[in-house]
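Engineer: Input structure: target-v7.cif, which contains mmCIF, C-alpha atoms and all ligand atoms.
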data_work
loop_
_atom_site.label_atom_id
_atom_site.label_comp_id
_atom_site.auth_asym_id
_atom_site.auth_seq_id
_atom_site.Cartn_x
_atom_site.Cartn_y
_atom_site.Cartn_z
CA MET A 912 21.65 -42.35 -38.31
CA ASN A 913 22.51 -40.43 -35.13
CA ILE A 914 19.86 -37.93 -34.05
CA ILE A 915 19.79 -35.44 -31.16
CA ILE A 916 16.49 -33.97 -29.99
CA PHE A 917 16.75 -30.57 -28.27
CA GLY A 918 13.97 -28.49 -26.74
CA PRO A 919 12.97 -26.79 -23.51
CA GLN A 920 11.65 -28.92 -20.68
CA GLY A 921 8.10 -29.96 -21.54
CA SER A 922 8.49 -29.36 -25.28
CA GLY A 923 7.96 -33.07 -25.88
CA LYS A 924 11.52 -34.10 -26.74
CA GLY A 925 11.19 -37.33 -24.74
CA THR A 926 7.81 -38.03 -26.35
CA GLN A 927 9.18 -37.44 -29.86
CA ALA A 928 12.54 -39.16 -29.35
CA GLU A 929 10.78 -42.30 -28.13
CA LEU A 930 8.40 -42.24 -31.14
CA ILE A 931 11.20 -41.82 -33.69
CA ALA A 932 13.27 -44.54 -32.05
CA ARG A 933 10.36 -46.98 -31.91
CA ARG A 934 9.15 -46.36 -35.46
CA ARG A 935 12.63 -46.36 -36.99
CA ASN A 936 13.96 -49.15 -34.80
CA PHE A 937 16.80 -47.21 -33.19
CA PRO A 938 17.79 -47.28 -29.53
CA TYR A 939 16.33 -44.37 -27.55
CA ILE A 940 18.81 -42.87 -25.10
CA SER A 941 17.58 -40.45 -22.45
CA THR A 942 20.04 -39.28 -19.80
CA GLY A 943 17.08 -38.24 -17.63
CA ASP A 944 15.58 -41.74 -17.80
CA ILE A 945 18.94 -43.32 -16.98
CA PHE A 946 19.31 -41.10 -13.89
CA ARG A 947 15.71 -41.75 -12.78
CA TYR A 948 16.27 -45.51 -13.13
CA HIS A 949 19.23 -45.28 -10.74
CA LEU A 950 17.30 -43.03 -8.36
CA LYS A 951 14.37 -45.42 -8.21
CA ASN A 952 16.62 -48.44 -7.68
CA LYS A 953 18.73 -46.60 -5.10
CA THR A 954 22.03 -47.49 -6.76
CA GLU A 955 25.30 -45.77 -5.87
CA LEU A 956 24.94 -43.60 -8.97
CA GLY A 957 21.36 -42.82 -7.91
CA GLN A 958 22.61 -41.50 -4.58
CA GLN A 959 25.26 -39.39 -6.32
CA VAL A 960 22.78 -37.72 -8.69
CA ALA A 961 19.66 -37.45 -6.46
CA GLU A 962 20.13 -33.88 -5.30
CA TYR A 963 20.94 -32.58 -8.78
CA VAL A 964 18.02 -34.27 -10.53
CA ASN A 965 15.40 -33.51 -7.89
CA THR A 966 16.26 -29.80 -7.78
CA GLY A 967 16.60 -29.38 -11.55
CA GLN A 968 20.36 -28.84 -11.68
CA LEU A 969 22.71 -30.53 -14.14
CA VAL A 970 24.48 -33.67 -12.99
CA PRO A 971 28.30 -33.13 -13.15
CA ASP A 972 29.70 -33.55 -16.67
CA GLU A 973 32.22 -36.31 -15.81
CA LEU A 974 29.44 -38.60 -14.59
CA THR A 975 27.08 -37.80 -17.46
CA ASN A 976 29.75 -38.12 -20.15
CA LYS A 977 30.84 -41.50 -18.85
CA ILE A 978 27.25 -42.78 -18.89
CA ILE A 979 26.72 -41.63 -22.46
CA GLN A 980 30.01 -43.09 -23.65
CA ASP A 981 29.17 -46.48 -22.11
CA ARG A 982 25.68 -46.45 -23.64
CA ILE A 983 26.78 -45.38 -27.14
CA ASN A 984 29.44 -48.10 -27.13
CA GLN A 985 26.78 -50.79 -26.76
CA PRO A 986 26.39 -52.95 -29.90
CA ASP A 987 22.75 -51.89 -30.50
CA CYS A 988 23.92 -48.32 -31.20
CA THR A 989 25.94 -49.28 -34.29
CA VAL A 990 22.77 -48.72 -36.43
CA GLY A 991 22.33 -45.26 -34.91
CA PHE A 992 20.47 -43.79 -31.94
CA VAL A 993 18.12 -41.04 -30.83
CA LEU A 994 19.58 -38.96 -28.03
CA ASP A 995 17.31 -36.99 -25.65
CA GLY A 996 18.76 -34.67 -23.02
CA TYR A 997 22.40 -34.71 -24.07
CA PRO A 998 24.49 -32.65 -24.73
CA ARG A 999 23.31 -29.80 -22.51
CA ASN A 1000 26.40 -27.62 -22.29
CA GLN A 1001 29.62 -26.86 -24.15
CA LYS A 1002 31.74 -29.47 -22.30
CA GLN A 1003 29.25 -32.25 -23.08
CA LEU A 1004 29.09 -31.19 -26.72
CA GLU A 1005 32.88 -31.30 -26.99
CA PHE A 1006 32.96 -34.73 -25.38
CA LEU A 1007 30.25 -36.08 -27.68
CA SER A 1008 32.05 -34.82 -30.77
CA GLN A 1009 35.12 -36.79 -29.67
CA ILE A 1010 33.27 -40.09 -29.37
CA THR A 1011 30.73 -40.04 -32.23
CA THR A 1012 29.20 -38.07 -35.09
CA VAL A 1013 25.79 -36.41 -35.27
CA ASP A 1014 23.63 -36.46 -38.41
CA TYR A 1015 20.61 -34.43 -37.30
CA ALA A 1016 20.10 -31.98 -34.46
CA ILE A 1017 16.39 -31.24 -34.11
CA VAL A 1018 15.13 -28.38 -31.92
CA ILE A 1019 11.50 -28.55 -30.77
CA GLU A 1020 10.55 -24.93 -30.18
CA LEU A 1021 8.01 -24.03 -27.49
CA SER A 1022 7.41 -21.00 -25.24
CA ASP A 1023 8.24 -21.35 -21.54
CA GLN A 1024 4.60 -20.61 -20.73
CA GLU A 1025 3.34 -23.53 -22.81
CA ALA A 1026 6.12 -25.82 -21.53
CA ILE A 1027 5.13 -25.16 -17.91
CA LYS A 1028 1.51 -25.96 -18.75
CA ARG A 1029 2.56 -29.30 -20.26
CA LEU A 1030 4.72 -30.29 -17.28
CA SER A 1031 1.97 -29.60 -14.79
CA GLY A 1032 -0.18 -32.33 -16.43
CA ARG A 1033 2.56 -34.85 -17.08
CA LEU A 1034 2.54 -38.39 -15.75
CA ALA A 1035 5.67 -40.48 -16.21
CA SER A 1036 6.26 -44.21 -16.44
CA LYS A 1037 9.38 -46.00 -15.22
CA CYS A 1038 9.84 -47.45 -18.75
CA GLY A 1039 10.44 -43.91 -20.06
CA LEU A 1040 7.07 -43.13 -21.65
CA SER A 1041 5.45 -39.78 -20.85
CA TYR A 1042 1.71 -39.20 -20.69
CA HIS A 1043 -0.40 -36.09 -20.22
CA LEU A 1044 -3.65 -36.01 -18.26
CA GLU A 1045 -5.35 -34.02 -21.03
CA PHE A 1046 -3.23 -34.18 -24.22
CA ASN A 1047 -1.92 -37.75 -24.11
CA PRO A 1048 -3.76 -39.88 -21.54
CA SER A 1049 -3.02 -43.57 -20.99
CA GLN A 1050 -5.77 -46.03 -21.97
CA GLN A 1051 -6.35 -47.03 -18.35
CA ALA A 1052 -6.08 -44.10 -15.92
CA GLY A 1053 -2.80 -44.13 -13.99
CA ILE A 1054 -1.38 -47.24 -15.72
CA CYS A 1055 1.28 -47.35 -18.45
CA ASP A 1056 0.04 -48.76 -21.80
CA LYS A 1057 3.47 -50.25 -22.50
CA CYS A 1058 4.77 -51.75 -19.24
CA GLY A 1059 1.57 -51.84 -17.13
CA ASP A 1060 3.27 -50.06 -14.23
CA GLN A 1061 1.74 -47.31 -12.11
CA LEU A 1062 2.26 -43.79 -13.54
CA PHE A 1063 3.79 -41.13 -11.29
CA ARG A 1064 4.54 -37.41 -11.10
CA ARG A 1065 8.25 -36.62 -11.34
CA ASP A 1066 9.88 -35.03 -8.29
CA ASP A 1067 11.42 -32.35 -10.51
CA ASP A 1068 8.03 -31.28 -11.94
CA GLN A 1069 7.65 -28.75 -9.11
CA PRO A 1070 7.51 -25.00 -9.95
CA GLN A 1071 10.96 -24.17 -8.54
CA ALA A 1072 12.73 -27.09 -10.23
CA ILE A 1073 10.95 -26.38 -13.54
CA ALA A 1074 12.10 -22.74 -13.45
CA GLN A 1075 15.67 -23.88 -12.72
CA ARG A 1076 15.64 -26.39 -15.61
CA LEU A 1077 14.30 -23.82 -18.08
CA ALA A 1078 16.91 -21.26 -16.99
CA ILE A 1079 19.73 -23.77 -17.56
CA TYR A 1080 18.28 -24.64 -20.97
CA HIS A 1081 18.32 -20.99 -22.09
CA GLN A 1082 21.76 -20.24 -20.63
CA GLU A 1083 23.73 -23.39 -21.37
CA THR A 1084 21.94 -25.50 -23.99
CA GLU A 1085 20.61 -22.95 -26.51
CA PRO A 1086 24.11 -21.59 -27.27
CA LEU A 1087 25.05 -25.07 -28.58
CA PHE A 1088 22.67 -24.72 -31.53
CA ALA A 1089 25.11 -22.44 -33.38
CA VAL A 1090 27.64 -25.29 -33.57
CA TYR A 1091 25.18 -27.61 -35.31
CA GLU A 1092 23.77 -24.76 -37.41
CA ASN A 1093 27.25 -24.07 -38.76
CA LYS A 1094 27.51 -27.73 -39.74
CA GLY A 1095 24.17 -27.46 -41.60
CA ILE A 1096 22.51 -30.18 -39.52
CA LEU A 1097 20.28 -28.09 -37.23
CA HIS A 1098 16.53 -28.17 -37.94
CA ARG A 1099 13.84 -26.34 -35.96
CA VAL A 1100 10.28 -27.62 -35.66
CA ASN A 1101 7.19 -26.01 -34.14
CA GLY A 1102 6.44 -27.77 -30.84
CA ALA A 1103 3.11 -25.98 -30.31
CA LYS A 1104 1.25 -28.60 -32.36
CA THR A 1105 -0.24 -31.99 -31.57
CA ILE A 1106 2.12 -34.87 -30.83
CA ASP A 1107 1.46 -36.35 -34.26
CA GLU A 1108 1.95 -33.03 -36.08
CA VAL A 1109 5.29 -32.47 -34.35
CA TYR A 1110 6.30 -36.01 -35.26
CA GLN A 1111 5.39 -35.42 -38.92
CA GLN A 1112 7.57 -32.30 -39.00
CA ILE A 1113 10.53 -34.25 -37.64
CA GLU A 1114 9.95 -37.17 -40.01
CA GLY A 1115 9.80 -34.65 -42.87
CA VAL A 1116 13.19 -33.25 -41.90
CA ILE A 1117 14.84 -36.64 -41.49
CA SER A 1118 13.38 -38.18 -44.65
CA GLN A 1119 14.11 -35.11 -46.76
CA ALA A 1120 17.64 -34.71 -45.47
CA ALA A 1121 18.24 -38.44 -45.89
CA GLY A 1122 16.92 -38.37 -49.46
P1 LIG B 1 15.22 -34.98 -18.42
O1 LIG B 1 14.52 -36.21 -18.06
O2 LIG B 1 15.94 -34.91 -19.71
O3 LIG B 1 14.17 -33.84 -18.27
P2 LIG B 1 14.03 -32.42 -18.94
O4 LIG B 1 15.14 -31.95 -19.75
O5 LIG B 1 13.65 -31.55 -17.80
O6 LIG B 1 12.91 -32.62 -20.00
P3 LIG B 1 11.51 -33.15 -19.74
O7 LIG B 1 11.52 -34.64 -19.64
O8 LIG B 1 10.89 -32.42 -18.57
O9 LIG B 1 10.72 -32.64 -21.01
P4 LIG B 1 10.45 -33.30 -22.42
O10 LIG B 1 10.71 -32.24 -23.44
O11 LIG B 1 11.16 -34.61 -22.60
O12 LIG B 1 8.88 -33.49 -22.32
P5 LIG B 1 7.93 -34.76 -22.48
O13 LIG B 1 8.14 -35.46 -23.77
O14 LIG B 1 7.93 -35.56 -21.22
O15 LIG B 1 16.29 -34.59 -17.30
C1 LIG B 1 15.96 -34.63 -15.91
C2 LIG B 1 17.15 -34.23 -15.08
O16 LIG B 1 18.24 -35.19 -15.27
C3 LIG B 1 17.80 -32.86 -15.40
O17 LIG B 1 17.13 -31.80 -14.78
C4 LIG B 1 19.21 -33.09 -14.83
O18 LIG B 1 19.23 -33.00 -13.42
C5 LIG B 1 19.50 -34.52 -15.24
N1 LIG B 1 20.14 -34.60 -16.58
C6 LIG B 1 19.57 -35.12 -17.70
N2 LIG B 1 20.42 -35.01 -18.74
C7 LIG B 1 21.54 -34.40 -18.27
C8 LIG B 1 22.75 -33.99 -18.87
N3 LIG B 1 23.00 -34.16 -20.18
N4 LIG B 1 23.69 -33.38 -18.09
C9 LIG B 1 23.48 -33.20 -16.78
N5 LIG B 1 22.33 -33.55 -16.15
C10 LIG B 1 21.36 -34.14 -16.88
O19 LIG B 1 6.53 -33.97 -22.61
C11 LIG B 1 6.07 -33.15 -21.52
C12 LIG B 1 4.55 -33.35 -21.34
O20 LIG B 1 3.86 -32.78 -22.46
C13 LIG B 1 4.11 -34.82 -21.27
O21 LIG B 1 3.06 -34.88 -20.36
C14 LIG B 1 3.65 -35.14 -22.70
O22 LIG B 1 2.67 -36.15 -22.73
C15 LIG B 1 3.09 -33.79 -23.15
N6 LIG B 1 3.29 -33.52 -24.56
C16 LIG B 1 4.37 -33.81 -25.32
N7 LIG B 1 4.22 -33.36 -26.59
C17 LIG B 1 2.99 -32.72 -26.61
C18 LIG B 1 2.26 -32.02 -27.61
N8 LIG B 1 2.73 -31.87 -28.86
N9 LIG B 1 1.04 -31.50 -27.27
C19 LIG B 1 0.54 -31.64 -26.02
N10 LIG B 1 1.20 -32.29 -25.03
C20 LIG B 1 2.39 -32.83 -25.32
#
Would you put the structure from the file into structure tokens?
Structural biologist:
Amino acid sequence: MNIIIFGPQGSGKGTQAELIARRRNFPYISTGDIFRYHLKNKTELGQQVAEYVNTGQLVPDELTNKIIQDRINQPDCTVGFVLDGYPRNQKQLEFLSQITTVDYAIVIELSDQEAIKRLSGRLASKCGLSYHLEFNPSQQAGICDKCGDQLFRRDDDQPQAIAQRLAIYHQETEPLFAVYENKGILHRVNGAKTIDEVYQQIEGVISQAAG
């Protein structure tokens, strides 16, 4: 089962994609996490993408497409995968459709105002988990429940970079929904609910469509 999670920045797509992947035993693939891993470890790729990621711009398609192709070709993805943050524009969508199929495209809907509020309280972990100071705190303040590492604020969670990311989402990513809608695999869920309620909506879609 191949699932894509769409949604504006802060809508909780990373939170939900990780939950679905963990509970259904699929690999969770986040292009943002892959880039942040390379940034943190100062790899050659990290140096290439640093300026784009930190200012909220899209990393060039050739680089991003190659990373996704390599990841999807790994043996663990033969059972399916949950994709978060890709595709984000028409070229990426075309590339993805050449290398694999998509079963469900889920859009988590949330207003920009609410999304900004969520990002301002976010704490991230290097293992990919996201926490929120108020809505989803870690058990021990500042420490990840899963990997035990120190939580941090993302460099791109600054007002200017957030505005840039949301603008790109509306201009380049939202138009992709029509493609999946025409295939009958696009499902919209209300993101302005608790984490568990959003998850239940997504599970409902996947289970119903699968049955
Ligand atoms: P990426 O890491 O994908 O970031 P993003 O798209 O900006 O999305 P976010 O991670 O900010 O939001 P989210 O919806 O996942 O929210 P989360 O679950 O954390 O990309 C980063 C950068 O990498 C891009 O800007 C770009 O430069 C580059 N990049 C990535 N993919 C690319 C691509 N395909 N092409 C080119 N470049 C690419 O939740 C947010 C907060 O809200 C958390 O604190 C969470 O705990 C909380 N929360 C979640 N759900 C709820 C809820 N229901 N109620 C209350 N709080 C909640």
Engineer: Using all atoms listed in the file, find the one residue out of A:Asn984, A:Ser922, A:Thr1105, A:Ser1049 that sits nearest to Leu1021 in chain A.
Structural biologist: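 Answer, going by the shortest atom-to-atom distance: A:Ser922.
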Engineer: Determine the nearest neighbour of Ala1072 in chain A from the options A:Val970, A:Leu956, A:Ile1019, A:Val964, counting all atoms listed in the file.
Structural biologist: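 Smallest distance to Ala1072 in chain A is found for A:Val964.
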Engineer: Return the single residue from A:Gly1032, A:Gly996, A:Pro986, A:Pro938 that is closest to Thr1084 in chain A, with distances computed using all atoms listed in the file.
Structural biologist: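 Going through A:Gly1032, A:Gly996, A:Pro986, A:Pro938 one by one, the smallest distance to Thr1084 in chain A is for A:Gly996.
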Engineer: Choose the residue, out of A:Phe1063, A:Tyr948, A:Ile1017, A:Pro1048, that has the smallest atom-to-atom separation from ligand LIG 1 (chain B); count all atoms listed in the file.
Structural biologist: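 Residue with the minimum atom-to-atom distance to ligand LIG 1 (chain B): A:Pro1048.
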Engineer: Set the cut-off to 7 Å, count only C-alpha atoms and all ligand atoms, and list whatever residues fall near ligand LIG 1 (chain B) as a PDB file with C-alpha atoms, in the frame of the given file.
Structural biologist:
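Below is the file pocket34.pdb, written as the result:
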ATOM      1  CA  GLY A 918      13.970 -28.490 -26.740  1.00  0.00           C
ATOM      2  CA  PRO A 919      12.970 -26.790 -23.510  1.00  0.00           C
ATOM      3  CA  GLN A 920      11.650 -28.920 -20.680  1.00  0.00           C
ATOM      4  CA  GLY A 921       8.100 -29.960 -21.540  1.00  0.00           C
ATOM      5  CA  SER A 922       8.490 -29.360 -25.280  1.00  0.00           C
ATOM      6  CA  GLY A 923       7.960 -33.070 -25.880  1.00  0.00           C
ATOM      7  CA  LYS A 924      11.520 -34.100 -26.740  1.00  0.00           C
ATOM      8  CA  GLY A 925      11.190 -37.330 -24.740  1.00  0.00           C
ATOM      9  CA  THR A 926       7.810 -38.030 -26.350  1.00  0.00           C
ATOM     10  CA  GLN A 927       9.180 -37.440 -29.860  1.00  0.00           C
ATOM     11  CA  SER A 941      17.580 -40.450 -22.450  1.00  0.00           C
ATOM     12  CA  THR A 942      20.040 -39.280 -19.800  1.00  0.00           C
ATOM     13  CA  GLY A 943      17.080 -38.240 -17.630  1.00  0.00           C
ATOM     14  CA  ASP A 944      15.580 -41.740 -17.800  1.00  0.00           C
ATOM     15  CA  PHE A 946      19.310 -41.100 -13.890  1.00  0.00           C
ATOM     16  CA  TYR A 963      20.940 -32.580  -8.780  1.00  0.00           C
ATOM     17  CA  VAL A 964      18.020 -34.270 -10.530  1.00  0.00           C
ATOM     18  CA  ASN A 965      15.400 -33.510  -7.890  1.00  0.00           C
ATOM     19  CA  GLY A 967      16.600 -29.380 -11.550  1.00  0.00           C
ATOM     20  CA  GLN A 968      20.360 -28.840 -11.680  1.00  0.00           C
ATOM     21  CA  LEU A 969      22.710 -30.530 -14.140  1.00  0.00           C
ATOM     22  CA  VAL A 970      24.480 -33.670 -12.990  1.00  0.00           C
ATOM     23  CA  PRO A 971      28.300 -33.130 -13.150  1.00  0.00           C
ATOM     24  CA  ASP A 972      29.700 -33.550 -16.670  1.00  0.00           C
ATOM     25  CA  THR A 975      27.080 -37.800 -17.460  1.00  0.00           C
ATOM     26  CA  ASP A 995      17.310 -36.990 -25.650  1.00  0.00           C
ATOM     27  CA  GLY A 996      18.760 -34.670 -23.020  1.00  0.00           C
ATOM     28  CA  TYR A 997      22.400 -34.710 -24.070  1.00  0.00           C
ATOM     29  CA  PRO A 998      24.490 -32.650 -24.730  1.00  0.00           C
ATOM     30  CA  ARG A 999      23.310 -29.800 -22.510  1.00  0.00           C
ATOM     31  CA  ARG A1029       2.560 -29.300 -20.260  1.00  0.00           C
ATOM     32  CA  LEU A1030       4.720 -30.290 -17.280  1.00  0.00           C
ATOM     33  CA  GLY A1032      -0.180 -32.330 -16.430  1.00  0.00           C
ATOM     34  CA  ARG A1033       2.560 -34.850 -17.080  1.00  0.00           C
ATOM     35  CA  LEU A1034       2.540 -38.390 -15.750  1.00  0.00           C
ATOM     36  CA  SER A1041       5.450 -39.780 -20.850  1.00  0.00           C
ATOM     37  CA  TYR A1042       1.710 -39.200 -20.690  1.00  0.00           C
ATOM     38  CA  HIS A1043      -0.400 -36.090 -20.220  1.00  0.00           C
ATOM     39  CA  PHE A1046      -3.230 -34.180 -24.220  1.00  0.00           C
ATOM     40  CA  ASN A1047      -1.920 -37.750 -24.110  1.00  0.00           C
ATOM     41  CA  ARG A1076      15.640 -26.390 -15.610  1.00  0.00           C
ATOM     42  CA  GLY A1102       6.440 -27.770 -30.840  1.00  0.00           C
ATOM     43  CA  ALA A1103       3.110 -25.980 -30.310  1.00  0.00           C
ATOM     44  CA  LYS A1104       1.250 -28.600 -32.360  1.00  0.00           C
ATOM     45  CA  THR A1105      -0.240 -31.990 -31.570  1.00  0.00           C
ATOM     46  CA  ILE A1106       2.120 -34.870 -30.830  1.00  0.00           C
ATOM     47  CA  VAL A1109       5.290 -32.470 -34.350  1.00  0.00           C
TER      48      VAL A1109
END
Engineer: Find the spatial neighbours of Lys1002 in chain A, counting only C-alpha atoms, within a cut-off of 10 Å - ignore same-chain residues fewer than 5 positions away - and output them as a ChimeraX atom specification.
Structural biologist: /A:972-973,976,1007
Engineer: Can you spit out the residues from that selection as an mmCIF file, keeping the file's coordinate frame, using C-alpha atoms?
Structural biologist:
data_model
loop_
_atom_site.group_PDB
_atom_site.id
_atom_site.type_symbol
_atom_site.label_atom_id
_atom_site.label_comp_id
_atom_site.auth_asym_id
_atom_site.auth_seq_id
_atom_site.Cartn_x
_atom_site.Cartn_y
_atom_site.Cartn_z
ATOM 1 C CA ASP A 972 29.700 -33.550 -16.670
ATOM 2 C CA GLU A 973 32.220 -36.310 -15.810
ATOM 3 C CA ASN A 976 29.750 -38.120 -20.150
ATOM 4 C CA LEU A 1007 30.250 -36.080 -27.680
#
Engineer: When you count all atoms listed in the file, which of these residues is closest to Ile1027 in chain A: A:Ile931, A:Ile1096, A:Ile1054, A:Ile1073?
Structural biologist: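 Among the listed residues, A:Ile1073 lies closest to Ile1027 in chain A.
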Engineer: For Gln1001 in chain A, which residue among A:Ile978, A:Ala1089, A:Leu1097, A:Val1116 is the nearest when counting only C-alpha atoms?
Structural biologist: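 Looking at the shortest contact to Gln1001 in chain A, the residue is A:Ala1089.
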Engineer: What gap, in Å, lies between CA of Ile945 in chain A and CA of Gly957 in chain A?
Structural biologist: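 According to the coordinates, CA of Ile945 in chain A and CA of Gly957 in chain A are separated by 9.4 Å.
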Engineer: What gap, in Å, lies between CA of Gln1024 in chain A and CA of Ala1078 in chain A?
Structural biologist: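 Going from CA of Gln1024 in chain A over to CA of Ala1078 in chain A, I get 12.9 Å.
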Engineer: Would you list the contacts of Val993 in chain A as a list in words, taking every protein, DNA or RNA residue within 9 Å and counting all atoms listed in the file, but skipping same-chain residues closer than 5 positions in sequence?
Structural biologist: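 So the residues in contact are Met912, Asn913, Ile914, Ile915, Ile916, Ala928, Glu929, Ile931, Ala932, Phe937, Pro938, Tyr939, Ile940 and Ser941 of chain A.
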Engineer: Pick out the residues sitting within 7 Å of Leu1062 in chain A, and hand them over as a PyMOL selection string; count all atoms listed in the file, and ignore anything fewer than 2 positions along from it in its own chain.
Structural biologist: chain A and resi 1034-1036+1053-1055+1060
Engineer: Just how far from CA of Glu1083 in chain A is CA of Asp1066 in chain A, in Å to one decimal?
Structural biologist: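 Those two atoms sit 22.3 Å apart.
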